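Single-structure report; data block below.
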Amino acid sequence: MLDFSAYSNAVGSSLTNEAVGGSEKCLTAVRRAFAAVEAALMSGNASQAAKDFSCCQVPEDPNDKIELLQSLAGIFMGPVQYNEEGVLMTINEICGVMTNHSKANHEAMEPYNRLVTLAQIYRSTTEEPCLHISYEESLKDLMDTSLRSGRRGAERAWTYQTCTEFGFCTTNTQMNTQQQTYNTHYYHVFDLMLFHSVFRSDL
């Protein structure tokens, strides 16, 4: 399933579910935030977005832009999939940040800024000096088949299963990302580059 948009649909539905702390306002704020990120990336303001989200580099390449968007989408996907099961924030807490209209978060605190705040919260729990968004670096790391690859080794195994068995190529339809078509191409090329021997036409 090259276009696994149903996963994103489930995330969007959960963000509106009042039983777990979601709301329509929450999903609307999330969509507006991602629309603003995409607008910045596509209108020549990628350097500002890189600064706001503490990226290790400015996402000039289209693949790097998708890496950034996927990283930000993960902030919402993780809590939805594992809500109240040991994740950093619950749906209720995430939606609280995205819809906070208190005096400390006045009208100037638009959804984009709230997403920046969420990203900062998640970044504070890591030891990484910046957010890695390099497509080439991700590909290089995942091509490491040594026993020293650590966490990336597990990611490589999961990616292989995604490419060859599951096909869970998630596209962010509910987060208002306009690059869905390119996302499917991104997955296809990434799989071919990473596991080229598996997908060679003569095998």
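Chain labels A, B, ... are given in the sequence in which chains occur in the structure tokens; within each chain residues are numbered consecutively from 1, and ligands are likewise numbered from 1 in the order shown.
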
Would you pick out the contacts of segment 133-148 of chain A at 9 Å or less, using only C-alpha atoms, so that residues sharing its chain but fewer than 6 positions from it are not included, and give the list as a tab-separated table (two decimals) with N, CA, C and O atoms, in the first residue's frame?
```
chain	number	residue	atom	x	y	z
A	55	CYS	N	16.63	22.89	13.20
A	55	CYS	CA	17.14	21.92	12.25
A	55	CYS	C	18.67	22.02	12.13
A	55	CYS	O	19.24	23.09	12.31
A	56	CYS	N	19.30	20.91	11.81
A	56	CYS	CA	20.75	20.90	11.65
A	56	CYS	C	21.18	21.61	10.38
A	56	CYS	O	22.35	21.98	10.23
A	57	GLN	N	20.26	21.79	9.45
A	57	GLN	CA	20.56	22.45	8.19
A	57	GLN	C	19.28	23.05	7.63
A	57	GLN	O	18.19	22.71	8.08
A	58	VAL	N	19.43	23.93	6.68
A	58	VAL	CA	18.26	24.50	6.01
A	58	VAL	C	17.74	23.49	4.99
A	58	VAL	O	18.51	23.00	4.15
A	59	PRO	N	16.47	23.14	5.05
A	59	PRO	CA	15.91	22.15	4.12
A	59	PRO	C	15.67	22.74	2.73
A	59	PRO	O	14.56	23.15	2.40
A	61	ASP	N	16.57	20.97	-0.22
A	61	ASP	CA	16.18	19.87	-1.09
A	61	ASP	C	14.75	19.41	-0.76
A	61	ASP	O	14.38	19.36	0.42
A	63	ASN	N	13.44	16.52	-0.64
A	63	ASN	CA	13.45	15.36	0.25
A	63	ASN	C	13.71	15.77	1.69
A	63	ASN	O	13.17	15.18	2.63
A	64	ASP	N	14.55	16.78	1.88
A	64	ASP	CA	14.83	17.26	3.24
A	64	ASP	C	13.59	17.94	3.83
A	64	ASP	O	13.33	17.86	5.03
A	65	LYS	N	12.83	18.60	2.98
A	65	LYS	CA	11.59	19.24	3.43
A	65	LYS	C	10.59	18.18	3.91
A	65	LYS	O	9.91	18.37	4.92
A	66	ILE	N	10.53	17.07	3.19
A	66	ILE	CA	9.64	15.99	3.58
A	66	ILE	C	10.12	15.36	4.88
A	66	ILE	O	9.32	15.00	5.75
A	67	GLU	N	11.44	15.24	5.05
A	67	GLU	CA	11.99	14.72	6.30
A	67	GLU	C	11.54	15.58	7.48
A	67	GLU	O	11.16	15.06	8.54
A	68	LEU	N	11.56	16.90	7.29
A	68	LEU	CA	11.13	17.80	8.36
A	68	LEU	C	9.64	17.62	8.65
A	68	LEU	O	9.24	17.50	9.82
A	71	SER	N	9.01	14.43	10.48
A	71	SER	CA	9.45	14.53	11.87
A	71	SER	C	8.41	15.25	12.72
A	71	SER	O	8.08	14.82	13.83
A	155	GLU	N	15.53	0.41	12.98
A	155	GLU	CA	14.80	1.20	11.98
A	155	GLU	C	14.97	0.59	10.60
A	155	GLU	O	14.03	0.59	9.80
A	156	ARG	N	16.17	0.07	10.32
A	156	ARG	CA	16.41	-0.55	9.02
A	156	ARG	C	15.52	-1.78	8.86
A	156	ARG	O	14.93	-1.99	7.80
A	159	THR	N	12.00	-0.64	8.28
A	159	THR	CA	11.88	-0.07	6.94
A	159	THR	C	11.82	-1.17	5.89
A	159	THR	O	11.05	-1.09	4.92
A	190	PHE	N	13.24	6.00	-1.99
A	190	PHE	CA	13.97	5.65	-0.77
A	190	PHE	C	14.14	4.14	-0.68
A	190	PHE	O	15.24	3.64	-0.38
A	193	MET	N	16.70	2.88	-3.25
A	193	MET	CA	18.06	3.24	-2.89
A	193	MET	C	18.57	2.38	-1.73
A	193	MET	O	19.72	1.94	-1.72
A	194	LEU	N	17.71	2.14	-0.76
A	194	LEU	CA	18.11	1.45	0.45
A	194	LEU	C	18.25	-0.06	0.25
A	194	LEU	O	19.17	-0.69	0.75
A	195	PHE	N	17.32	-0.65	-0.52
A	195	PHE	CA	17.33	-2.10	-0.71
A	195	PHE	C	17.35	-2.42	-2.21
A	195	PHE	O	16.54	-3.21	-2.70
```

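For Gln81 of chain A, the list of residues within 10 Å, based on only C-alpha atoms and with local chain neighbours fewer than 6 positions off taken out, reads A:Tyr7, A:Ala10, A:Val11, A:Ser14, A:Val87, A:Ile91.
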
Produce a file of the selected residues containing N, CA, C and O atoms, as a CSV table (one decimal), in the first residue's frame.
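File written: again_11.csv
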```csv
chain,number,residue,atom,x,y,z
A,7,TYR,N,-3.9,5.8,7.9
A,7,TYR,CA,-3.2,6.0,9.2
A,7,TYR,C,-3.3,7.4,9.6
A,7,TYR,O,-3.7,7.8,10.7
A,10,ALA,N,-6.8,8.2,10.7
A,10,ALA,CA,-7.0,7.7,12.1
A,10,ALA,C,-6.4,8.7,13.1
A,10,ALA,O,-7.0,9.0,14.2
A,11,VAL,N,-5.3,9.3,12.8
A,11,VAL,CA,-4.7,10.3,13.7
A,11,VAL,C,-5.5,11.5,13.8
A,11,VAL,O,-5.8,12.0,14.9
A,14,SER,N,-8.6,10.8,15.9
A,14,SER,CA,-8.3,10.8,17.3
A,14,SER,C,-8.1,12.2,17.9
A,14,SER,O,-8.4,12.4,19.0
A,87,VAL,N,4.2,7.4,26.5
A,87,VAL,CA,4.7,8.4,25.6
A,87,VAL,C,4.9,9.7,26.3
A,87,VAL,O,4.4,9.9,27.4
A,91,ILE,N,-2.7,12.8,24.1
A,91,ILE,CA,-3.5,13.6,23.1
A,91,ILE,C,-4.0,14.8,23.8
A,91,ILE,O,-4.0,15.9,23.3
```

* Using only C-alpha atoms, find the one residue out of A:Thr126, A:Ser23, A:Gln48, A:Ser13 that sits nearest to Thr99 of chain A. => A:Ser23

* May I ask for the distance between atom CA of Ala49 of chain A and atom CA of Met77 of chain A, given in Å to one decimal place? => 20.8 Å

* Do a neighbour search on segment 26-42 of chain A at 10 Å with only C-alpha atoms, toss out local chain neighbours closer than 2 positions, and write the hits as a VMD selection string. => chain A and resid 11 to 17 21 to 24 44 to 50 58 to 60 62 65 to 66 68 to 69 72 to 73 76 91 to 92 94 to 100 110 to 116 172 to 179

* To do: Based on DSSP run over this structure's backbone, return all residues of segment 57-140 of chain A in helix (DSSP H, G or I), as a ChimeraX atom specification.
  => /A:62-81,91-98,103-105,111-123,135-140

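A straight line drawn from atom CA of Ala19 of chain A to atom CA of Ala6 of chain A is 20.8 Å long.
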